[in-house]
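> Just start.txt, nothing more (compact mmCIF, C-alpha atoms):
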# COMPACT_ATOMS: atom_id res chain seq x y z
CA MET A 85 71.22 48.88 -29.05
CA LEU A 86 70.86 50.80 -25.80
CA ASP A 87 70.55 48.98 -22.49
CA CYS A 88 67.02 49.99 -21.54
CA THR A 89 67.47 48.68 -18.01
CA VAL A 90 69.76 51.68 -17.36
CA PRO A 91 67.73 54.87 -16.77
CA ALA A 92 68.93 58.40 -17.48
CA LEU A 93 68.64 61.68 -15.61
CA VAL A 94 68.67 64.97 -17.53
CA LEU A 95 70.06 67.77 -15.32
CA ARG A 96 69.65 71.48 -15.93
CA LEU A 97 70.15 74.07 -13.21
CA ASP A 98 69.27 77.24 -15.11
CA VAL A 99 65.62 78.28 -15.43
CA ASN A 100 65.06 78.42 -19.18
CA ASN A 101 61.64 77.25 -20.28
CA PHE A 102 62.66 77.43 -23.94
CA HIS A 103 65.75 75.21 -23.75
CA HIS A 104 65.11 72.89 -26.69
CA GLY A 105 68.18 70.75 -26.00
CA THR A 106 66.60 69.40 -22.82
CA LEU A 107 63.55 68.24 -24.74
CA ALA A 108 65.75 66.72 -27.46
CA ALA A 109 67.70 64.64 -24.92
CA ILE A 110 64.49 63.36 -23.33
CA ARG A 111 62.96 62.46 -26.68
CA SER A 112 66.08 60.78 -28.05
CA LEU A 113 66.56 58.43 -25.12
CA GLY A 114 62.84 57.97 -24.51
CA ARG A 115 62.22 56.90 -28.10
CA ALA A 116 64.95 54.30 -27.68
CA GLY A 117 63.08 52.82 -24.70
CA VAL A 118 65.19 54.36 -21.92
CA GLU A 119 63.43 55.50 -18.75
CA VAL A 120 64.21 59.23 -18.66
CA HIS A 121 64.02 61.39 -15.54
CA GLY A 122 64.42 65.14 -15.32
CA LEU A 123 65.83 67.43 -12.64
CA ILE A 124 65.22 70.78 -14.28
CA GLY A 125 65.24 74.30 -12.90
CA GLY A 126 61.78 75.87 -12.84
CA THR A 127 58.38 74.21 -12.98
CA GLY A 128 56.75 75.65 -16.08
CA SER A 129 58.96 74.24 -18.83
CA PRO A 130 57.15 72.81 -21.87
CA THR A 131 59.64 69.96 -21.59
CA PHE A 132 57.60 68.54 -18.72
CA ARG A 133 54.78 67.88 -21.23
CA SER A 134 56.80 65.33 -23.19
CA LYS A 135 55.38 61.83 -23.14
CA TYR A 136 58.95 60.51 -23.12
CA LEU A 137 59.71 61.99 -19.69
CA ALA A 138 59.09 59.21 -17.20
CA ARG A 139 59.23 61.58 -14.24
CA GLY A 140 60.13 65.18 -13.56
CA HIS A 141 61.63 65.61 -10.10
CA PRO A 142 61.01 68.83 -8.15
CA TRP A 143 63.97 70.70 -6.75
CA PRO A 144 64.37 70.23 -2.98
CA GLY A 145 64.96 73.25 -0.82
CA GLY A 146 68.39 74.85 -0.85
CA PRO A 147 71.15 75.16 -3.44
CA ASP A 148 72.97 71.91 -2.66
CA VAL A 149 73.21 70.15 -6.04
CA VAL A 150 74.79 66.98 -4.64
CA ARG A 151 72.01 66.63 -2.08
CA ALA A 152 69.38 67.12 -4.78
CA LEU A 153 70.99 64.56 -7.07
CA THR A 154 71.34 62.08 -4.23
CA GLN A 155 67.65 62.39 -3.37
CA VAL A 156 66.65 61.87 -6.99
CA ALA A 157 68.94 58.84 -7.23
CA GLN A 158 67.17 57.31 -4.24
CA ARG A 159 63.84 57.78 -6.00
CA ILE A 160 65.12 56.25 -9.24
CA GLY A 161 66.43 53.28 -7.28
CA ARG A 162 69.30 52.19 -9.53
CA PRO A 163 72.35 53.77 -11.18
CA ALA A 164 71.42 56.16 -13.98
CA VAL A 165 73.34 57.88 -16.77
CA LEU A 166 73.64 61.54 -15.77
CA LEU A 167 73.53 64.17 -18.53
CA ALA A 168 74.22 67.84 -17.74
CA LEU A 169 72.54 70.35 -20.06
CA ASP A 170 74.13 73.58 -18.77
CA ASP A 171 77.52 74.80 -17.61
CA ALA A 172 76.61 74.98 -13.94
CA GLY A 173 75.40 71.39 -13.99
CA ALA A 174 78.50 70.15 -15.82
CA ILE A 175 80.76 71.95 -13.36
CA ALA A 176 78.91 70.56 -10.34
CA VAL A 177 78.94 66.99 -11.65
CA ALA A 178 82.67 67.07 -12.45
CA GLU A 179 83.68 68.64 -9.15
CA HIS A 180 81.54 66.26 -7.08
CA ALA A 181 82.03 63.14 -9.15
CA ALA A 182 83.52 61.19 -6.25
CA GLU A 183 80.29 61.63 -4.28
CA LEU A 184 77.96 61.09 -7.23
CA ARG A 185 79.59 58.03 -8.75
CA ALA A 186 77.87 55.74 -6.24
CA HIS A 187 74.53 56.75 -7.77
CA TYR A 188 75.25 57.75 -11.37
CA LEU A 189 77.15 56.71 -14.46
CA ILE A 190 79.29 59.71 -15.41
CA PRO A 191 82.50 60.31 -17.38
CA ASP A 192 85.78 60.19 -15.47
CA GLN A 193 86.35 63.88 -16.11
CA VAL A 194 89.25 65.94 -14.75
CA PRO A 195 87.36 67.62 -11.86
CA GLY A 196 88.35 71.25 -12.48
CA LEU A 197 88.40 71.14 -16.27
CA PRO A 198 84.73 72.03 -17.01
CA ARG A 199 84.96 75.15 -14.82
CA THR A 200 88.10 76.27 -16.64
CA LEU A 201 86.54 75.75 -20.06
CA ALA A 202 83.17 77.30 -19.22
CA ASP A 203 84.80 80.39 -17.69
CA LYS A 204 85.51 82.55 -20.73
CA ARG A 205 88.36 84.42 -19.02
CA LEU A 206 90.12 81.19 -18.05
CA LEU A 207 89.41 79.77 -21.52
CA ALA A 208 91.15 82.76 -23.14
CA GLN A 209 94.18 82.20 -20.92
CA LEU A 210 94.17 78.49 -21.75
CA CYS A 211 93.99 79.14 -25.50
CA SER A 212 96.85 81.61 -25.26
CA GLY A 213 99.01 79.05 -23.46
CA LEU A 214 98.21 76.28 -25.94
CA GLY A 215 98.58 78.43 -29.03
CA ILE A 216 94.90 78.04 -29.99
CA VAL A 217 93.66 80.81 -32.29
CA GLN A 218 91.13 83.00 -30.48
CA PRO A 219 90.00 86.64 -30.83
CA GLU A 220 92.00 89.03 -28.64
CA THR A 221 90.24 89.25 -25.28
CA ARG A 222 90.48 91.75 -22.41
CA LEU A 223 89.11 91.87 -18.89
CA ILE A 224 87.02 95.01 -18.33
CA THR A 225 86.92 96.37 -14.79
CA GLY A 226 85.70 99.91 -15.46
CA GLU A 227 85.41 102.83 -17.84
CA HIS A 228 89.15 103.13 -18.51
CA ASP A 229 89.47 99.48 -19.61
CA ALA A 230 86.33 99.75 -21.71
CA ALA A 231 87.44 102.93 -23.46
CA ALA A 232 90.85 101.45 -24.24
CA ALA A 233 89.32 98.29 -25.67
CA VAL A 234 86.89 100.26 -27.84
CA THR A 235 89.79 102.35 -29.16
CA ASP A 236 92.01 99.35 -29.85
CA PHE A 237 89.39 96.89 -31.10
CA GLY A 238 87.04 99.31 -32.79
CA LEU A 239 83.32 98.68 -33.10
CA PRO A 240 81.59 96.36 -33.26
CA LEU A 241 83.14 94.25 -30.53
CA VAL A 242 81.86 91.28 -28.55
CA ALA A 243 81.00 91.57 -24.85
CA LYS A 244 80.97 88.37 -22.79
CA TRP A 245 80.32 87.61 -19.15
CA ALA A 246 83.05 85.22 -18.11
CA GLN A 247 80.84 83.13 -15.80
CA PRO A 248 77.41 83.32 -17.45
CA TRP A 249 75.92 80.75 -15.07
CA LEU A 250 76.36 83.29 -12.25
CA LEU A 251 74.35 86.07 -13.89
CA PRO A 252 71.35 86.96 -11.73
CA ALA A 253 67.89 86.48 -13.19
CA GLY A 254 65.87 89.53 -14.09
CA THR A 255 68.76 91.76 -15.18
CA GLY A 256 68.21 91.23 -18.89
CA LEU A 257 71.93 90.54 -19.35
CA ARG A 258 72.85 88.20 -22.19
CA ASN A 259 75.78 85.83 -21.91
CA THR A 260 77.21 87.28 -25.12
CA SER A 261 76.24 90.47 -26.93
CA LEU A 262 77.46 92.47 -29.90
CA VAL A 263 78.39 96.05 -28.99
CA ARG A 264 77.82 98.24 -32.04
CA ARG A 265 77.64 101.69 -30.43
CA PRO A 266 79.49 103.40 -27.53
CA SER A 267 76.15 103.92 -25.78
CA GLN A 268 75.85 100.14 -25.34
CA VAL A 269 78.95 100.01 -23.13
CA THR A 270 77.60 102.00 -20.16
CA PRO A 271 74.76 99.59 -19.26
CA LEU A 272 77.26 96.73 -19.17
CA LEU A 273 79.63 98.59 -16.85
CA GLN A 274 76.81 99.02 -14.33
CA HIS A 275 77.03 95.28 -13.61
CA VAL A 276 80.78 94.66 -13.49
CA GLU A 277 81.15 94.81 -9.71
CA GLY A 278 81.75 91.26 -8.56
CA ARG A 279 81.62 89.89 -12.12
CA ASP A 280 84.14 89.39 -14.91
CA LEU A 281 83.20 91.27 -18.07
CA LEU A 282 85.25 90.58 -21.20
CA PHE A 283 85.55 92.54 -24.41
CA GLN A 284 86.66 90.55 -27.41
CA ARG A 285 87.81 91.71 -30.81
CA PHE A 286 85.07 91.07 -33.37
CA VAL A 287 86.04 88.62 -36.10
CA PRO A 288 84.24 89.62 -39.32
CA GLY A 289 82.40 86.72 -40.83
CA GLY A 290 80.45 86.02 -43.97
CA PRO A 291 77.29 83.94 -44.42
CA HIS A 292 79.18 80.65 -43.91
CA SER A 293 81.74 81.63 -41.26
CA ASP A 294 80.22 80.22 -38.05
CA TRP A 295 80.83 76.57 -37.22
CA PHE A 296 80.50 74.26 -34.23
CA PHE A 297 81.66 70.81 -33.25
CA HIS A 298 79.81 68.40 -30.99
CA GLY A 299 81.50 65.25 -29.76
CA TYR A 300 81.57 62.54 -27.14
CA PHE A 301 85.00 61.48 -25.82
CA ASP A 302 85.89 58.34 -23.89
CA GLU A 303 88.27 57.80 -20.95
CA ASN A 304 91.24 58.07 -23.33
CA SER A 305 89.95 61.34 -24.80
CA ARG A 306 89.18 59.54 -28.04
CA CYS A 307 86.18 60.83 -29.98
CA LEU A 308 83.59 58.04 -30.14
CA TYR A 309 81.05 60.15 -31.99
CA GLY A 310 80.92 63.70 -33.31
CA GLY A 311 80.49 66.06 -36.21
CA ALA A 312 80.89 69.60 -37.49
CA GLY A 313 77.96 71.86 -38.22
CA ARG A 314 77.56 75.23 -39.85
CA LYS A 315 75.47 77.90 -38.18
CA GLU A 316 73.23 79.27 -40.91
CA ARG A 317 71.31 81.60 -38.58
CA ALA A 318 71.53 82.61 -34.93
CA TYR A 319 69.54 84.45 -32.28
CA PRO A 320 70.55 87.12 -31.49
CA ARG A 321 72.17 87.68 -34.86
CA GLY A 322 75.95 87.51 -34.84
CA ALA A 323 76.33 86.37 -31.22
CA GLY A 324 73.69 83.88 -30.28
CA LEU A 325 72.42 80.31 -30.28
CA THR A 326 71.98 78.32 -33.47
CA THR A 327 68.46 78.60 -34.86
CA TYR A 328 69.19 76.97 -38.21
CA GLY A 329 72.09 74.55 -38.52
CA ARG A 330 73.45 72.18 -41.13
CA TRP A 331 75.69 69.12 -40.68
CA LEU A 332 78.63 69.45 -43.06
CA PRO A 333 82.11 67.92 -43.20
CA ASN A 334 84.88 70.28 -42.12
CA PRO A 335 88.21 68.53 -41.57
CA VAL A 336 89.84 71.61 -40.02
CA VAL A 337 87.12 72.14 -37.40
CA GLU A 338 86.85 68.43 -36.67
CA GLY A 339 90.61 67.98 -36.41
CA THR A 340 91.09 71.06 -34.23
CA ALA A 341 88.36 69.96 -31.80
CA ARG A 342 89.67 66.41 -31.51
CA GLU A 343 93.25 67.56 -31.03
CA LEU A 344 92.24 70.07 -28.36
CA ALA A 345 90.21 67.49 -26.44
CA ALA A 346 93.15 65.08 -26.56
CA ARG A 347 95.60 67.72 -25.30
CA LEU A 348 93.25 68.60 -22.43
CA GLY A 349 92.47 65.00 -21.50
CA TYR A 350 88.79 65.81 -21.95
CA ARG A 351 86.13 63.13 -21.36
CA GLY A 352 82.42 63.25 -22.03
CA VAL A 353 80.27 65.51 -24.21
CA LEU A 354 81.44 68.87 -25.53
CA ASP A 355 80.24 71.67 -27.80
CA ILE A 356 82.81 74.06 -29.32
CA ASP A 357 82.08 77.18 -31.41
CA PHE A 358 84.37 78.49 -34.15
CA ARG A 359 84.37 81.43 -36.56
CA HIS A 360 86.35 81.43 -39.78
CA ASP A 361 88.47 84.51 -40.39
CA ALA A 362 88.75 84.77 -44.17
CA GLY A 363 91.52 87.36 -43.94
CA ARG A 364 93.80 85.03 -41.99
CA ASP A 365 92.23 81.81 -43.29
CA ALA A 366 92.00 80.66 -39.68
CA TYR A 367 89.29 79.32 -37.40
CA HIS A 368 88.98 81.26 -34.13
CA LEU A 369 87.75 79.32 -31.13
CA LEU A 370 84.89 81.37 -29.66
CA ASP A 371 83.45 79.13 -26.92
CA PHE A 372 84.07 75.75 -25.34
CA ASN A 373 80.96 74.35 -23.65
CA PRO A 374 81.80 71.33 -21.45
CA ARG A 375 78.35 69.80 -21.82
CA LEU A 376 75.73 68.82 -24.37
CA GLY A 377 74.96 71.46 -27.00
CA ALA A 378 71.31 72.36 -27.49
CA GLN A 379 71.34 71.51 -31.21
CA PHE A 380 72.99 68.09 -30.77
CA ARG A 381 70.16 66.35 -32.63
CA LEU A 382 71.56 67.81 -35.85
CA PHE A 383 74.13 65.01 -35.60
CA SER A 384 71.81 62.03 -35.89
CA ASP A 385 73.16 59.45 -38.33
CA SER A 386 71.39 56.86 -40.50
CA SER A 387 71.23 54.39 -37.59
CA GLY A 388 69.67 56.95 -35.24
CA LEU A 389 72.84 57.39 -33.21
CA ASP A 390 73.39 60.84 -31.67
CA LEU A 391 75.42 62.36 -28.83
CA VAL A 392 73.18 61.33 -25.92
CA ARG A 393 72.76 57.81 -27.25
CA ALA A 394 76.52 57.53 -27.73
CA ALA A 395 77.01 58.70 -24.14
CA HIS A 396 74.43 56.24 -22.80
CA LEU A 397 75.96 53.35 -24.73
CA HIS A 398 79.48 54.08 -23.52
CA LEU A 399 78.60 54.77 -19.89
CA SER A 400 76.46 51.62 -19.69
CA GLY A 401 79.29 49.48 -21.08
CA ARG A 402 78.09 49.06 -24.66
CA HIS A 403 79.62 49.93 -28.00
CA ALA A 404 78.15 52.38 -30.46
CA VAL A 405 77.60 51.13 -34.00
CA ARG A 406 77.81 54.15 -36.27
CA GLY A 407 75.64 54.58 -39.33
CA ARG A 408 76.17 56.82 -42.32
CA ALA A 409 76.90 60.47 -41.48
CA GLY A 410 73.99 62.74 -42.32
CA HIS A 411 75.93 65.43 -44.15
CA GLY A 412 73.50 68.08 -45.35
CA ARG A 413 71.03 67.33 -42.56
CA THR A 414 69.32 70.45 -41.16
CA TYR A 415 67.90 71.35 -37.75
CA VAL A 416 65.69 74.37 -37.05
CA VAL A 417 64.57 75.88 -33.73
CA GLU A 418 61.16 77.23 -34.70
CA ASN A 419 60.55 79.95 -32.13
CA TYR A 420 64.02 81.51 -32.33
CA ASP A 421 64.40 81.19 -36.10
CA LEU A 422 61.13 83.08 -36.61
CA LEU A 423 62.47 85.84 -34.38
CA THR A 424 65.69 85.96 -36.38
CA ALA A 425 64.42 85.68 -39.94
CA GLY A 426 60.67 86.27 -39.77
CA PRO A 427 58.83 84.99 -42.87
CA LYS A 428 62.19 84.14 -44.48
CA SER A 429 62.49 81.24 -42.04
CA LEU A 430 59.46 79.44 -43.55
CA PRO A 431 61.40 77.59 -46.30
CA ALA A 432 63.87 76.25 -43.72
CA LEU A 433 61.03 75.26 -41.39
CA CYS A 434 59.24 73.39 -44.15
CA ALA A 435 62.35 71.61 -45.44
CA ALA A 436 64.11 70.87 -42.11
CA ASP A 437 65.11 67.30 -41.39
CA GLU A 438 64.21 67.91 -37.76
CA LEU A 439 62.47 70.65 -35.81
CA ALA A 440 63.38 71.38 -32.22
CA TRP A 441 59.83 71.48 -30.87
CA LEU A 442 57.23 70.22 -33.32
CA SER A 443 56.99 66.44 -33.48
CA ALA A 444 54.04 64.34 -34.61
CA ASP A 445 54.65 61.69 -31.96
CA ASP A 446 55.08 64.19 -29.09
CA PRO A 447 53.07 67.36 -29.84
CA ARG A 448 52.34 68.68 -26.36
CA PRO A 449 55.72 70.39 -25.74
CA PHE A 450 55.30 72.38 -28.96
CA VAL A 451 51.78 73.50 -27.98
CA ALA A 452 53.00 74.55 -24.52
CA MET A 453 56.02 76.35 -25.99
CA ALA A 454 53.89 78.23 -28.51
CA GLY A 455 51.46 79.30 -25.81
CA GLN A 456 54.24 80.56 -23.55
CA ALA A 457 55.97 82.34 -26.45
CA VAL A 458 52.76 84.19 -27.39
CA LYS A 459 52.14 85.11 -23.76
CA ARG A 460 55.70 86.40 -23.39
CA GLY A 461 55.34 88.45 -26.57
CA PHE A 462 52.16 90.15 -25.36
CA THR A 463 53.72 90.81 -21.96
CA ARG A 464 56.72 92.55 -23.54
CA LEU A 465 54.45 94.53 -25.84
CA ALA A 466 52.40 95.72 -22.88
CA ARG A 467 55.56 96.83 -21.06
CA THR A 468 56.72 98.91 -23.99
CA ARG A 469 53.41 100.74 -24.05
CA THR A 470 53.44 101.65 -20.36
How would this structure read if it were set down as structure tokens?

Amino acid sequence: MLDCTVPALVLRLDVNNFHHGTLAAIRSLGRAGVEVHGLIGGTGSPTFRSKYLARGHPWPGGPDVVRALTQVAQRIGRPAVLLALDDAGAIAVAEHAAELRAHYLIPDQVPGLPRTLADKRLLAQLCSGLGIVQPETRLITGEHDAAAAVTDFGLPLVAKWAQPWLLPAGTGLRNTSLVRRPSQVTPLLQHVEGRDLLFQRFVPGGPHSDWFFHGYFDENSRCLYGGAGRKERAYPRGAGLTTYGRWLPNPVVEGTARELAARLGYRGVLDIDFRHDAGRDAYHLLDFNPRLGAQFRLFSDSSGLDLVRAAHLHLSGRHAVRGRAGHGRTYVVENYDLLTAGPKSLPALCAADELAWLSADDPRPFVAMAGQAVKRGFTRLARTRT
């Protein structure tokens, strides 16, 4: 059982009103009786409508994350478990842990490790040094590099921004995109100045090729809780977030993730993406996210334990009692799955074990999300007609 005298703060620096993982973390801890606070970028997120959010704290002026977290800690009034929901937050917490530990309960992470893992260029170098299977990756600085990569890799290929948390708002740039035609390269090159653009060889995959692992690791880099999931659908297709996932046993994915975390000395929550290459019968590591994955609620066992509850239990000095693994359990993100599959998503929506937004005991976030999604759709439609 969780120690409900220990509050929690959910931290997200990026402005993403449709980040369902933030809502899931608030609901999971709130339903267990924990007082949940939020320090979330932006002010219009449907997440703020959740009845399980005790208080949403406005961002103070300036970009100083440590100052903001210190001010929130003073308002909370007692040490709180701190959960980062995006890469920038995870990096800031790890690199300023010495200053934050007086106010928050956080993993004893290697300070520079989250930045290395979140930076896709540094991750590629790390994988190469450790012998971890990963698609061939190249840094693109201009037209010559891009043309050479297209020639060598062929199309399609995967384009990634190495530090996605640094992408400016309003550019329309996606963290990861699938380049199918030469004409798609030029718009990317227009933004390379001052940023690391990577081209990665595309690993062909079938309907059941994309997998992920979510886990929580203690101070000895031992996995206290985790599981492997299969990505049934994604948005955008082929290079996007999970919209429909299923919890399934996969000893190779699970073993690879645990071994990698142990070799790195990793502590805390992680989310790793893999793609199975049938030709080589190998799992390529695609991404290593040093923070909570948005679809973590897929891994909720028969006792109700999940990643954020495991983190809260460990950081507050309690032990997690695991229930039966929910193999076969499904999780669907309504708004994105409809965009991906259209009417074909309805069977999954109706049969899902859990939906990201719609919940009978907390309906207001879903209503707010649906309203914002419709408004966004009409706005985009109007732009295309002008």
> Please list, as a PyMOL selection string, the residues that have an atom at most 9 Å away from (83.3, 103.3, -25.0) in the coordinates of this file, counting all atoms listed in the file.
chain A and resi 227-228+230-235+265-270
> Nearest to Gly412 of chain A: which of A:Val276, A:Ala435, A:Ala345, A:Leu354 is it, counting all atoms listed in the file?
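The shortest atom-to-atom distance to Gly412 of chain A comes from A:Ala435.
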> Taking (74.6, 89.0, -20.0) as a centre in this file's frame and 9 Å as the limit, can you find every polymer residue with an atom that close, using all atoms listed in the file, and give them as an MDAnalysis selection string?
chainID A and resid 243:245 248 251 255:261 272
> Tell me which protein, DNA and RNA residues are within 6 Å of segment 416-427 of chain A, counting all atoms listed in the file, leaving out same-chain ones fewer than 6 positions away, and put them as a list in words.
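Everything that qualifies: Tyr319, Thr327, Tyr328, Leu439 and Ala440 of chain A.
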> Between atom CA of Asp229 of chain A and atom CA of Gly278 of chain A, what is the distance, to one decimal in Å?
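Straight-line distance from atom CA of Asp229 of chain A to atom CA of Gly278 of chain A works out to 15.8 Å.
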> Compare A:Gly349, A:Gly310, A:Gly226, A:Arg205 by their minimum atom-to-atom distance to Leu282 of chain A, counting only C-alpha atoms, and give me the closest one.
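Under the stated criterion, the closest residue is A:Arg205.
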> Would you please work out which residue, of A:Leu137, A:Tyr350, A:Thr221, A:Phe132, is nearest to Leu197 of chain A when using only C-alpha atoms?
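The shortest atom-to-atom distance to Leu197 of chain A comes from A:Tyr350.
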> I need the residue nearest Gly161 of chain A from this list: A:Pro374, A:Pro91, A:Gly122, A:Pro447. Use all atoms listed in the file for the distance.
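Of A:Pro374, A:Pro91, A:Gly122, A:Pro447, the one nearest Gly161 of chain A, counting all atoms listed in the file, is A:Pro91.
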> Out of A:Leu382, A:Leu153, A:Ala138, A:Leu95, which residue has the shortest atom-to-atom distance to Gly126 of chain A when counting only C-alpha atoms?
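Selected residue with least distance to Gly126 of chain A: A:Leu95.
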> Gly377 of chain A: which residues within 8 Å, counting all atoms listed in the file, same-chain residues fewer than 6 positions away excluded, as a list of chain:residue names?
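Residues near the query, excluding close chain neighbours: A:Gly105, A:Leu169, A:His298, A:Leu354, A:Asp355.
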> For atom CA of Leu369 of chain A and atom CA of Tyr300 of chain A, quote the distance in Å rounded to one decimal.
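Taking atom CA of Leu369 of chain A as the start and atom CA of Tyr300 of chain A as the end point, the length is 18.3 Å.
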> Measuring atom to atom with all atoms listed in the file, identify which of A:Ala157, A:Leu442, A:Ala312, A:Leu376 is nearest to Arg330 of chain A.
A:Ala312
> Could you pull the residues within 8 Å of Ala409 of chain A, counting all atoms listed in the file, minus those fewer than 2 positions along the same chain, as a PyMOL selection string?
chain A and resi 383-386+407+411
> Tell me which protein, DNA and RNA residues are within 8 Å of Val90 of chain A, counting all atoms listed in the file, leaving out same-chain ones fewer than 3 positions away, and put them as a list of chain:residue names.
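Counting all atoms listed in the file, the residues come to A:Asp87, A:Val118, A:Glu119, A:Arg162, A:Pro163, A:Ala164, A:Val165, A:Ser400.
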> Find the distance between atom CA of Arg359 of chain A and atom CA of Ser293 of chain A and write it in Å to one decimal.
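Separation of atom CA of Arg359 of chain A and atom CA of Ser293 of chain A: 5.4 Å.
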> Find the residues near Val150 of chain A: any atom within 12 Å, counting all atoms listed in the file, skip ones fewer than 6 places away on the same chain, and give them as number ranges by chain.
A: 95, 143-144, 156-157, 173, 175-188
> Enclose all atoms of segment 337-354 of chain A listed in the file in an axis-aligned box, grow every side by 4 Å, and hand back centre and edge lengths in Å to one decimal, as AutoDock Vina command-line options.

--center_x 87.9 --center_y 67.6 --center_z -29.4 --size_x 23.3 --size_y 17.0 --size_z 24.0
